[in-house]
>>> print(open('structure.txt').read())   # compact mmCIF, C-alpha atoms
# COMPACT_ATOMS: atom_id res chain seq x y z
CA MET A 140 -37.29 -33.65 15.75
CA ALA A 141 -34.14 -34.97 17.42
CA LEU A 142 -30.88 -33.57 16.08
CA LEU A 143 -28.83 -35.80 18.39
CA GLU A 144 -29.92 -39.20 19.68
CA VAL A 145 -27.72 -41.39 21.87
CA ASN A 146 -28.80 -45.02 22.29
CA ASN A 147 -27.34 -47.46 24.85
CA LEU A 148 -23.90 -45.86 24.62
CA LYS A 149 -21.13 -47.74 26.39
CA LEU A 150 -17.59 -46.42 26.61
CA HIS A 151 -14.93 -48.29 28.54
CA PHE A 152 -11.33 -47.57 29.47
CA ILE A 153 -9.34 -50.79 29.33
CA THR A 154 -7.06 -51.31 32.35
CA ARG A 155 -5.06 -54.20 33.79
CA GLN A 156 -7.69 -54.64 36.48
CA GLY A 157 -10.48 -54.78 33.88
CA PRO A 158 -12.65 -52.30 31.96
CA ALA A 159 -13.58 -49.06 33.70
CA ARG A 160 -17.20 -48.51 32.62
CA ALA A 161 -17.04 -44.73 32.35
CA VAL A 162 -20.24 -44.55 30.30
CA ASP A 163 -22.44 -47.60 30.71
CA GLY A 164 -25.57 -47.81 28.60
CA ILE A 165 -26.90 -44.24 28.51
CA SER A 166 -29.66 -43.02 26.20
CA PHE A 167 -31.04 -39.55 25.54
CA LYS A 168 -32.09 -37.32 22.68
CA ILE A 169 -31.87 -33.59 22.03
CA ASP A 170 -34.36 -31.87 19.74
CA GLU A 171 -33.46 -29.05 17.37
CA ASN A 172 -32.94 -25.65 19.05
CA GLU A 173 -33.05 -27.32 22.48
CA THR A 174 -30.50 -26.99 25.29
CA PHE A 175 -29.96 -30.22 27.22
CA GLY A 176 -28.25 -30.16 30.62
CA LEU A 177 -26.07 -32.96 31.99
CA ILE A 178 -25.34 -32.81 35.72
CA GLY A 179 -23.72 -35.02 38.36
CA GLU A 180 -20.68 -35.38 40.57
CA SER A 181 -17.12 -35.28 39.22
CA GLY A 182 -16.14 -38.53 37.56
CA CYS A 183 -19.70 -39.58 36.70
CA GLY A 184 -19.03 -39.57 32.94
CA LYS A 185 -20.35 -36.18 31.78
CA THR A 186 -17.26 -34.96 29.91
CA THR A 187 -16.54 -38.48 28.66
CA THR A 188 -20.02 -38.48 27.10
CA ALA A 189 -19.25 -35.17 25.37
CA LEU A 190 -15.93 -36.46 24.03
CA ALA A 191 -17.68 -39.59 22.78
CA ILE A 192 -20.11 -37.42 20.79
CA ILE A 193 -17.22 -35.73 18.97
CA ARG A 194 -15.24 -38.99 18.84
CA GLN A 195 -12.19 -37.63 20.66
CA ILE A 196 -11.70 -40.45 23.14
CA LYS A 197 -8.07 -41.50 23.31
CA PRO A 198 -6.82 -45.04 24.03
CA PRO A 199 -7.27 -46.97 26.23
CA GLY A 200 -10.81 -45.60 26.00
CA ARG A 201 -13.16 -46.91 23.31
CA ILE A 202 -16.84 -47.09 22.45
CA VAL A 203 -17.85 -50.73 22.91
CA ASP A 204 -21.58 -50.52 22.17
CA GLY A 205 -24.41 -48.22 21.21
CA SER A 206 -25.07 -45.56 18.61
CA ILE A 207 -24.85 -41.77 18.33
CA TYR A 208 -27.20 -40.44 15.67
CA PHE A 209 -26.47 -36.89 14.58
CA ASP A 210 -28.83 -35.42 11.99
CA ASN A 211 -30.16 -38.97 11.28
CA ARG A 212 -26.66 -40.40 10.73
CA ASP A 213 -24.86 -42.79 13.08
CA ILE A 214 -21.45 -41.20 13.61
CA VAL A 215 -19.92 -44.04 15.65
CA PRO A 216 -18.76 -45.98 12.54
CA LEU A 217 -17.35 -42.88 10.78
CA SER A 218 -13.66 -42.78 9.90
CA LYS A 219 -11.25 -40.30 11.49
CA GLU A 220 -11.28 -38.21 8.30
CA GLU A 221 -15.09 -38.14 8.18
CA MET A 222 -15.20 -37.04 11.82
CA ARG A 223 -12.55 -34.39 11.20
CA LEU A 224 -14.82 -32.85 8.55
CA LEU A 225 -17.81 -33.03 10.89
CA ARG A 226 -16.10 -31.50 13.94
CA GLY A 227 -16.00 -27.73 13.79
CA ARG A 228 -18.40 -27.46 10.88
CA GLU A 229 -21.46 -29.25 12.26
CA ILE A 230 -20.51 -30.14 15.84
CA ALA A 231 -18.30 -27.91 17.97
CA ILE A 232 -17.18 -27.81 21.59
CA VAL A 233 -16.40 -25.06 24.09
CA ARG A 234 -14.06 -26.70 26.58
CA GLN A 235 -13.67 -25.84 30.24
CA GLU A 236 -10.59 -23.94 31.40
CA ALA A 237 -9.95 -21.80 28.32
CA GLN A 238 -6.48 -21.04 29.72
CA ASN A 239 -5.51 -24.63 28.98
CA ALA A 240 -7.63 -25.11 25.85
CA LEU A 241 -6.24 -22.15 23.89
CA ASN A 242 -2.86 -22.40 22.18
CA PRO A 243 -0.59 -19.93 24.06
CA VAL A 244 1.81 -19.39 21.11
CA MET A 245 -0.84 -18.58 18.50
CA SER A 246 -2.83 -15.36 18.28
CA ILE A 247 -6.57 -15.63 18.89
CA GLY A 248 -7.19 -14.68 15.26
CA LYS A 249 -4.99 -17.49 13.94
CA GLN A 250 -6.83 -20.00 16.11
CA ILE A 251 -10.13 -18.82 14.61
CA ILE A 252 -8.98 -18.82 10.98
CA GLU A 253 -7.46 -22.28 11.45
CA VAL A 254 -11.02 -23.59 11.88
CA ILE A 255 -12.41 -21.45 9.06
CA LEU A 256 -9.76 -22.48 6.50
CA GLN A 257 -10.21 -26.13 7.40
CA HIS A 258 -13.93 -26.12 6.63
CA GLU A 259 -14.69 -23.15 4.38
CA ASN A 260 -13.51 -22.51 0.81
CA VAL A 261 -12.36 -18.93 1.37
CA SER A 262 -9.14 -16.97 0.97
CA ARG A 263 -6.87 -16.26 3.91
CA GLU A 264 -7.77 -12.57 3.67
CA THR A 265 -11.48 -13.39 3.89
CA ALA A 266 -10.78 -15.71 6.82
CA TRP A 267 -9.16 -12.86 8.75
CA THR A 268 -12.22 -10.69 8.08
CA LEU A 269 -14.47 -13.49 9.34
CA ALA A 270 -12.25 -13.86 12.43
CA ARG A 271 -12.70 -10.17 13.24
CA ASN A 272 -16.45 -10.56 12.79
CA GLN A 273 -16.43 -13.55 15.14
CA LEU A 274 -14.73 -11.56 17.89
CA ASP A 275 -17.25 -8.74 17.42
CA LEU A 276 -20.04 -11.34 17.64
CA VAL A 277 -18.90 -12.48 21.10
CA GLY A 278 -18.34 -8.96 22.44
CA ILE A 279 -14.60 -8.58 21.82
CA ASN A 280 -13.25 -5.80 19.61
CA GLY A 281 -12.41 -7.37 16.24
CA ASN A 282 -9.12 -5.47 16.19
CA ARG A 283 -7.89 -7.85 18.91
CA VAL A 284 -7.36 -10.68 16.37
CA LYS A 285 -3.59 -10.33 16.72
CA SER A 286 -3.72 -10.59 20.52
CA TYR A 287 -2.49 -13.70 22.33
CA PRO A 288 -4.40 -15.62 25.02
CA HIS A 289 -2.28 -14.23 27.86
CA GLU A 290 -3.43 -10.73 26.90
CA PHE A 291 -7.06 -11.64 27.57
CA SER A 292 -8.89 -11.86 30.89
CA GLY A 293 -10.53 -15.12 31.94
CA GLY A 294 -13.93 -14.04 30.63
CA MET A 295 -12.45 -12.86 27.33
CA LYS A 296 -10.62 -16.16 26.90
CA GLN A 297 -13.90 -18.03 27.30
CA ARG A 298 -15.58 -15.69 24.81
CA ALA A 299 -12.71 -16.39 22.40
CA MET A 300 -13.38 -20.13 22.83
CA VAL A 301 -17.02 -19.50 21.87
CA ALA A 302 -15.84 -17.50 18.82
CA ILE A 303 -13.64 -20.40 17.70
CA ALA A 304 -16.38 -22.97 18.26
CA THR A 305 -19.01 -21.02 16.30
CA ALA A 306 -16.70 -19.83 13.50
CA CYS A 307 -18.32 -22.17 10.93
CA ASN A 308 -21.88 -21.82 12.25
CA PRO A 309 -22.26 -25.41 13.53
CA LYS A 310 -25.66 -27.00 14.16
CA PHE A 311 -24.70 -28.46 17.53
CA LEU A 312 -22.61 -26.94 20.33
CA ILE A 313 -21.18 -28.80 23.33
CA LEU A 314 -20.58 -26.56 26.36
CA ASP A 315 -18.33 -28.38 28.81
CA GLU A 316 -18.29 -26.45 32.10
CA PRO A 317 -18.02 -23.11 30.23
CA THR A 318 -18.31 -20.99 33.40
CA THR A 319 -15.70 -22.83 35.50
CA GLY A 320 -13.31 -20.45 37.27
CA LEU A 321 -15.25 -17.29 36.36
CA ASP A 322 -16.75 -14.92 38.91
CA VAL A 323 -20.56 -14.70 39.06
CA ILE A 324 -20.80 -11.45 37.07
CA VAL A 325 -18.66 -12.78 34.22
CA GLN A 326 -20.58 -16.08 34.37
CA ARG A 327 -23.85 -14.22 33.83
CA GLN A 328 -22.39 -12.22 30.93
CA LEU A 329 -21.15 -15.40 29.28
CA LEU A 330 -24.51 -17.18 29.71
CA VAL A 331 -26.35 -14.19 28.21
CA LEU A 332 -23.93 -14.29 25.27
CA ILE A 333 -24.47 -18.03 24.75
CA ASN A 334 -28.26 -17.66 24.91
CA ASN A 335 -28.16 -14.81 22.37
CA LEU A 336 -25.94 -16.84 20.02
CA LYS A 337 -28.29 -19.83 20.31
CA LYS A 338 -31.13 -17.70 18.99
CA GLU A 339 -29.07 -15.89 16.36
CA LEU A 340 -27.37 -19.03 14.99
CA ASN A 341 -30.22 -21.52 15.63
CA LEU A 342 -27.96 -23.64 17.81
CA THR A 343 -28.83 -26.89 19.53
CA SER A 344 -26.62 -27.55 22.55
CA ILE A 345 -25.69 -29.73 25.48
CA LEU A 346 -24.49 -28.02 28.67
CA ILE A 347 -22.33 -29.95 31.13
CA SER A 348 -22.07 -28.31 34.53
CA HIS A 349 -21.64 -28.83 38.27
CA ASP A 350 -23.53 -25.58 38.83
CA LEU A 351 -27.22 -26.45 39.10
CA SER A 352 -28.25 -22.79 38.96
CA VAL A 353 -26.54 -22.39 35.56
CA VAL A 354 -28.41 -25.42 34.23
CA ALA A 355 -31.71 -24.18 35.68
CA LYS A 356 -31.39 -20.84 33.89
CA THR A 357 -30.15 -22.23 30.58
CA CYS A 358 -31.57 -25.68 29.82
CA ASP A 359 -34.90 -26.97 28.51
CA LYS A 360 -34.27 -30.53 29.70
CA VAL A 361 -31.81 -32.06 32.13
CA ALA A 362 -30.35 -35.50 32.81
CA VAL A 363 -28.76 -36.58 36.09
CA MET A 364 -25.74 -38.84 35.69
CA TYR A 365 -24.26 -41.10 38.36
CA ALA A 366 -21.34 -43.56 38.05
CA GLY A 367 -21.57 -43.86 34.27
CA LYS A 368 -25.36 -44.09 34.07
CA ILE A 369 -28.22 -41.64 33.62
CA VAL A 370 -30.52 -42.17 36.60
CA GLU A 371 -33.19 -39.60 35.71
CA GLN A 372 -34.09 -37.13 32.99
CA GLY A 373 -36.96 -34.79 32.21
CA ASP A 374 -37.86 -31.15 31.62
CA THR A 375 -35.84 -28.78 33.78
CA VAL A 376 -38.67 -27.22 35.80
CA SER A 377 -40.21 -30.51 36.94
CA MET A 378 -36.78 -32.09 37.53
CA TYR A 379 -35.86 -29.30 39.93
CA GLN A 380 -39.26 -29.08 41.61
CA SER A 381 -40.12 -32.79 41.81
CA PRO A 382 -37.08 -35.06 41.30
CA LEU A 383 -37.96 -38.76 41.59
CA HIS A 384 -34.65 -40.59 41.93
CA PRO A 385 -33.05 -40.51 45.42
CA TYR A 386 -29.77 -39.31 43.91
CA SER A 387 -31.51 -36.48 42.02
CA GLN A 388 -33.28 -35.49 45.24
CA ALA A 389 -30.01 -35.55 47.20
CA LEU A 390 -28.08 -33.65 44.52
CA ILE A 391 -30.66 -30.87 44.25
CA GLY A 392 -31.12 -30.85 48.04
CA ALA A 393 -27.39 -30.28 48.52
CA PHE A 394 -27.49 -27.08 46.45
CA PRO A 395 -28.23 -23.76 48.18
CA HIS A 396 -31.34 -21.78 47.18
CA LEU A 397 -31.40 -17.99 47.41
CA LYS A 398 -35.20 -17.83 47.50
CA GLY A 399 -37.73 -19.63 49.68
CA GLU A 400 -37.38 -21.17 53.10
CA LYS A 401 -33.86 -21.36 54.51
CA LYS A 402 -32.90 -24.96 55.17
CA LYS A 403 -29.76 -26.71 56.29
CA LEU A 404 -27.97 -28.23 53.32
CA LYS A 405 -27.78 -32.01 53.37
CA SER A 406 -24.63 -33.69 52.09
CA ILE A 407 -24.60 -37.06 50.30
CA ALA A 408 -22.85 -39.59 52.52
CA GLY A 409 -20.22 -41.92 51.06
CA ALA A 410 -18.51 -41.82 47.67
CA PRO A 411 -19.30 -43.02 44.12
CA PRO A 412 -18.28 -46.62 43.34
CA ARG A 413 -15.18 -47.68 41.41
CA LEU A 414 -16.18 -48.08 37.79
CA ILE A 415 -13.82 -51.03 37.31
CA MET A 416 -15.92 -53.10 39.72
CA PRO A 417 -19.28 -51.30 40.08
CA PRO A 418 -22.09 -52.74 42.23
CA GLU A 419 -24.07 -55.55 40.63
CA GLY A 420 -27.40 -53.80 41.19
CA CYS A 421 -28.14 -50.10 41.52
CA ARG A 422 -24.92 -48.10 41.63
CA PHE A 423 -26.35 -45.63 44.10
CA GLU A 424 -27.47 -48.36 46.52
CA PRO A 425 -24.49 -48.05 48.94
CA ARG A 426 -25.34 -44.36 49.49
CA CYS A 427 -29.12 -44.49 49.24
CA GLU A 428 -31.21 -44.06 52.41
CA TYR A 429 -34.14 -45.85 50.73
CA ALA A 430 -32.20 -48.89 49.49
CA MET A 431 -34.02 -52.22 49.47
CA LYS A 432 -32.70 -55.78 49.32
CA LYS A 433 -33.16 -56.11 45.55
CA CYS A 434 -31.24 -52.85 44.95
CA LYS A 435 -28.02 -54.77 45.76
CA THR A 436 -28.46 -57.37 43.02
CA ILE A 437 -30.85 -56.05 40.35
CA ASP A 438 -30.00 -53.10 38.14
CA PRO A 439 -33.24 -51.05 37.86
CA GLU A 440 -34.82 -50.59 34.45
CA VAL A 441 -35.67 -47.15 33.10
CA ILE A 442 -39.38 -46.40 33.34
CA GLU A 443 -41.58 -43.39 32.50
CA LYS A 444 -43.33 -41.53 35.30
CA ASN A 445 -44.68 -37.97 35.46
CA GLY A 446 -42.86 -37.17 32.22
CA HIS A 447 -39.51 -38.33 33.65
CA ARG A 448 -37.40 -41.29 32.60
CA VAL A 449 -36.05 -42.72 35.85
CA ALA A 450 -34.14 -45.85 36.87
CA CYS A 451 -35.13 -46.75 40.43
CA HIS A 452 -36.87 -49.69 42.13
CA LEU A 453 -38.83 -47.25 44.32
CA ILE A 454 -40.66 -45.89 41.29
CA GLY A 455 -43.51 -48.14 40.25
>>> encode(input="structure.txt", output="structure tokens")
Amino acid sequence: MALLEVNNLKLHFITRQGPARAVDGISFKIDENETFGLIGESGCGKTTTALAIIRQIKPPGRIVDGSIYFDNRDIVPLSKEEMRLLRGREIAIVRQEAQNALNPVMSIGKQIIEVILQHENVSRETAWTLARNQLDLVGINGNRVKSYPHEFSGGMKQRAMVAIATACNPKFLILDEPTTGLDVIVQRQLLVLINNLKKELNLTSILISHDLSVVAKTCDKVAVMYAGKIVEQGDTVSMYQSPLHPYSQALIGAFPHLKGEKKKLKSIAGAPPRLIMPPEGCRFEPRCEYAMKKCKTIDPEVIEKNGHRVACHLIG
């Protein structure tokens, strides 16, 4: 059963030159207890999609079409107050770059109890106890509740972000580049922590990442995003072993593999299009080595093949 279902979501940023179509008609669903990966180049709309889910898009950005069903309820029409009650309690986010996301003048404990007191009917004393328990849960000594962000290492800051996000035991967790800036050992420790919390708290999640190896180890399904659109999605194993869309193939082919035959990495020529004036047809056409005449003028429809949902004229 889908806990989150996004249908034909369109989010534009209004500019003097016209609307920048940052998210342009994407659809996907995430079942309960599933981890869904969202990958693609910088600027393709991954983080914007996450912010749309929690309704934290600031002007001039706005949702212009589509629906976001969470737990069988369309949250797009909800008021700011209704969304405030939903965020933190049922949907939470772990943002990238904890150094910038944490409040530098508040102790870690205060940042945790701020979430607890907003959503739970408990005393301040109980909230502090819960804050200590949260730090213990993520592998930080609960006695560090009075510590400030600058007293934590990078990995501890990110663990603190996870503690804040899961303080009210949400159903759905958004992980936006949670391992950015961390060394590989700390990355692994954080991913193990997140996987353990998923099982312990019955979490459903979406993981946004540039690191394909992180997605491969963590996610049940994955979607490839390019220039505001999802070009392909399917289960993680088959997506990595047999990608169908030329962009998916190029993206996975540009990532180094530690096992198997050593091959020269192949870069993707060119650059993504401007989203104010995107190509009329397929947005990947200017960079695609298999482009056909109709790719320039006809936007490909999404079709099902080999368990994947893919938008490409080559797939019949």
>>> closest_residue(input="structure.txt", among="A:Asn341, A:Ala355, A:Asn282, A:Gln388", to="Thr375 (chain A)", atoms="all atoms listed in the file")
A:Ala355
>>> residues_around(input="structure.txt", residues="Glu440 (chain A)", least_positions_apart="4", cutoff="12 Å", atoms="all atoms listed in the file", output="mmCIF file with C-alpha atoms, in the frame of the given file")
data_model
loop_
_atom_site.group_PDB
_atom_site.id
_atom_site.type_symbol
_atom_site.label_atom_id
_atom_site.label_comp_id
_atom_site.auth_asym_id
_atom_site.auth_seq_id
_atom_site.Cartn_x
_atom_site.Cartn_y
_atom_site.Cartn_z
ATOM 1 C CA GLY A 164 -25.570 -47.810 28.600
ATOM 2 C CA ILE A 165 -26.900 -44.240 28.510
ATOM 3 C CA LYS A 368 -25.360 -44.090 34.070
ATOM 4 C CA ILE A 369 -28.220 -41.640 33.620
ATOM 5 C CA VAL A 370 -30.520 -42.170 36.600
ATOM 6 C CA GLU A 371 -33.190 -39.600 35.710
ATOM 7 C CA GLY A 420 -27.400 -53.800 41.190
ATOM 8 C CA CYS A 421 -28.140 -50.100 41.520
ATOM 9 C CA CYS A 434 -31.240 -52.850 44.950
ATOM 10 C CA ARG A 448 -37.400 -41.290 32.600
ATOM 11 C CA VAL A 449 -36.050 -42.720 35.850
ATOM 12 C CA ALA A 450 -34.140 -45.850 36.870
ATOM 13 C CA CYS A 451 -35.130 -46.750 40.430
ATOM 14 C CA HIS A 452 -36.870 -49.690 42.130
ATOM 15 C CA LEU A 453 -38.830 -47.250 44.320
ATOM 16 C CA ILE A 454 -40.660 -45.890 41.290
ATOM 17 C CA GLY A 455 -43.510 -48.140 40.250
#
>>> atom_distance(input="structure.txt", atom1="CA of Leu148 (chain A)", atom2="CA of Asp163 (chain A)")
6.5 Å
>>> axis_aligned_box(input="structure.txt", around="region 179-192 of chain A", padding_each_side="6 Å", output="JSON")
{"center_x": -19.8, "center_y": -37.3, "center_z": 30.7, "size_x": 19.8, "size_y": 16.6, "size_z": 31.8}
>>> closest_residue(input="structure.txt", among="A:Ile333, A:Leu346, A:Leu269, A:Ile303", to="Gly281 (chain A)", atoms="all atoms listed in the file")
A:Leu269
>>> closest_residue(input="structure.txt", among="A:Val441, A:Met222, A:Ile391, A:Cys427", to="Ser166 (chain A)", atoms="only C-alpha atoms")
A:Val441
>>> residues_around(input="structure.txt", residues="region 158-161 of chain A", least_positions_apart="6", cutoff="9 Å", atoms="only C-alpha atoms", output="list in words")
Lys149, Leu150, His151, Phe152, Gly182, Cys183, Gly184, Thr187, Thr188, Gly200, Ala366, Gly367, Lys368, Arg413, Leu414, Ile415, Met416 and Pro417 of chain A
>>> atom_distance(input="structure.txt", atom1="CA of Tyr365 (chain A)", atom2="CA of Val301 (chain A)")
28.1 Å
>>> residues_around(input="structure.txt", residues="Leu329 (chain A)", least_positions_apart="4", cutoff="9 Å", atoms="only C-alpha atoms", output="number ranges by chain")
A: 277, 294, 297-298, 317-318, 324-325, 333-334
>>> closest_residue(input="structure.txt", among="A:Leu142, A:Val162, A:Phe167, A:Ile230", to="Arg201 (chain A)", atoms="all atoms listed in the file")
A:Val162
>>> residues_near_point(input="structure.txt", point="(-17.2, -20.1, 33.1)", cutoff="10 Å", atoms="all atoms listed in the file", output="compact mmCIF listing (two decimals) with C-alpha atoms, keeping the file's coordinate frame")
# COMPACT_ATOMS: atom_id res chain seq x y z
CA ARG A 234 -14.06 -26.70 26.58
CA GLN A 235 -13.67 -25.84 30.24
CA GLU A 236 -10.59 -23.94 31.40
CA ALA A 237 -9.95 -21.80 28.32
CA GLY A 293 -10.53 -15.12 31.94
CA GLY A 294 -13.93 -14.04 30.63
CA LYS A 296 -10.62 -16.16 26.90
CA GLN A 297 -13.90 -18.03 27.30
CA ARG A 298 -15.58 -15.69 24.81
CA LEU A 314 -20.58 -26.56 26.36
CA ASP A 315 -18.33 -28.38 28.81
CA GLU A 316 -18.29 -26.45 32.10
CA PRO A 317 -18.02 -23.11 30.23
CA THR A 318 -18.31 -20.99 33.40
CA THR A 319 -15.70 -22.83 35.50
CA GLY A 320 -13.31 -20.45 37.27
CA LEU A 321 -15.25 -17.29 36.36
CA ASP A 322 -16.75 -14.92 38.91
CA VAL A 323 -20.56 -14.70 39.06
CA VAL A 325 -18.66 -12.78 34.22
CA GLN A 326 -20.58 -16.08 34.37
CA ARG A 327 -23.85 -14.22 33.83
CA GLN A 328 -22.39 -12.22 30.93
CA LEU A 329 -21.15 -15.40 29.28
CA LEU A 330 -24.51 -17.18 29.71
CA SER A 348 -22.07 -28.31 34.53
CA VAL A 353 -26.54 -22.39 35.56
>>> closest_residue(input="structure.txt", among="A:Pro385, A:Glu171, A:Leu332, A:Ala240", to="Gly278 (chain A)", atoms="all atoms listed in the file")
A:Leu332
>>> closest_residue(input="structure.txt", among="A:Thr268, A:Thr357, A:Phe423, A:Arg194", to="Glu220 (chain A)", atoms="all atoms listed in the file")
A:Arg194
>>> atom_distance(input="structure.txt", atom1="CA of Val145 (chain A)", atom2="CA of Ile442 (chain A)")
17.1 Å
>>> build_atoms(input="structure.txt", residues="region 310-333 of chain A", atoms="N, CA and C atoms", output="short mmCIF file (atom, residue, chain, number, x, y, z; two decimals), in the frame of the given file")
data_model
loop_
_atom_site.label_atom_id
_atom_site.label_comp_id
_atom_site.auth_asym_id
_atom_site.auth_seq_id
_atom_site.Cartn_x
_atom_site.Cartn_y
_atom_site.Cartn_z
N LYS A 310 -24.28 -26.74 13.75
CA LYS A 310 -25.66 -27.00 14.16
C LYS A 310 -25.73 -27.31 15.66
N PHE A 311 -24.66 -27.92 16.18
CA PHE A 311 -24.70 -28.46 17.53
C PHE A 311 -23.47 -28.00 18.30
N LEU A 312 -23.70 -27.48 19.51
CA LEU A 312 -22.61 -26.94 20.33
C LEU A 312 -22.57 -27.66 21.67
N ILE A 313 -21.40 -28.17 22.03
CA ILE A 313 -21.18 -28.80 23.33
C ILE A 313 -20.51 -27.78 24.25
N LEU A 314 -21.12 -27.52 25.39
CA LEU A 314 -20.58 -26.56 26.36
C LEU A 314 -20.15 -27.35 27.59
N ASP A 315 -18.86 -27.57 27.72
CA ASP A 315 -18.33 -28.38 28.81
C ASP A 315 -17.82 -27.49 29.93
N GLU A 316 -18.63 -27.30 30.95
CA GLU A 316 -18.29 -26.45 32.10
C GLU A 316 -17.78 -25.08 31.64
N PRO A 317 -18.54 -24.36 30.81
CA PRO A 317 -18.02 -23.11 30.23
C PRO A 317 -17.81 -21.99 31.23
N THR A 318 -18.44 -22.09 32.42
CA THR A 318 -18.31 -20.99 33.40
C THR A 318 -17.34 -21.31 34.54
N THR A 319 -16.63 -22.45 34.44
CA THR A 319 -15.70 -22.83 35.50
C THR A 319 -14.61 -21.77 35.70
N GLY A 320 -14.40 -21.37 36.95
CA GLY A 320 -13.31 -20.45 37.27
C GLY A 320 -13.64 -18.99 37.04
N LEU A 321 -14.87 -18.68 36.61
CA LEU A 321 -15.25 -17.29 36.36
C LEU A 321 -16.08 -16.77 37.54
N ASP A 322 -15.94 -15.48 37.83
CA ASP A 322 -16.75 -14.92 38.91
C ASP A 322 -18.21 -14.81 38.43
N VAL A 323 -19.13 -14.60 39.37
CA VAL A 323 -20.56 -14.70 39.06
C VAL A 323 -21.00 -13.67 38.02
N ILE A 324 -20.40 -12.49 38.03
CA ILE A 324 -20.80 -11.45 37.07
C ILE A 324 -20.39 -11.86 35.67
N VAL A 325 -19.16 -12.35 35.52
CA VAL A 325 -18.66 -12.78 34.22
C VAL A 325 -19.42 -14.03 33.76
N GLN A 326 -19.77 -14.91 34.70
CA GLN A 326 -20.58 -16.08 34.37
C GLN A 326 -21.89 -15.64 33.72
N ARG A 327 -22.55 -14.70 34.36
CA ARG A 327 -23.85 -14.22 33.83
C ARG A 327 -23.68 -13.63 32.43
N GLN A 328 -22.63 -12.83 32.24
CA GLN A 328 -22.39 -12.22 30.93
C GLN A 328 -22.18 -13.29 29.87
N LEU A 329 -21.42 -14.33 30.23
CA LEU A 329 -21.15 -15.40 29.28
C LEU A 329 -22.42 -16.17 28.94
N LEU A 330 -23.26 -16.44 29.94
CA LEU A 330 -24.51 -17.18 29.71
C LEU A 330 -25.47 -16.37 28.84
N VAL A 331 -25.52 -15.06 29.06
CA VAL A 331 -26.35 -14.19 28.21
C VAL A 331 -25.85 -14.25 26.77
N LEU A 332 -24.52 -14.20 26.60
CA LEU A 332 -23.93 -14.29 25.27
C LEU A 332 -24.31 -15.61 24.59
N ILE A 333 -24.17 -16.72 25.31
CA ILE A 333 -24.47 -18.03 24.75
C ILE A 333 -25.94 -18.12 24.36
#
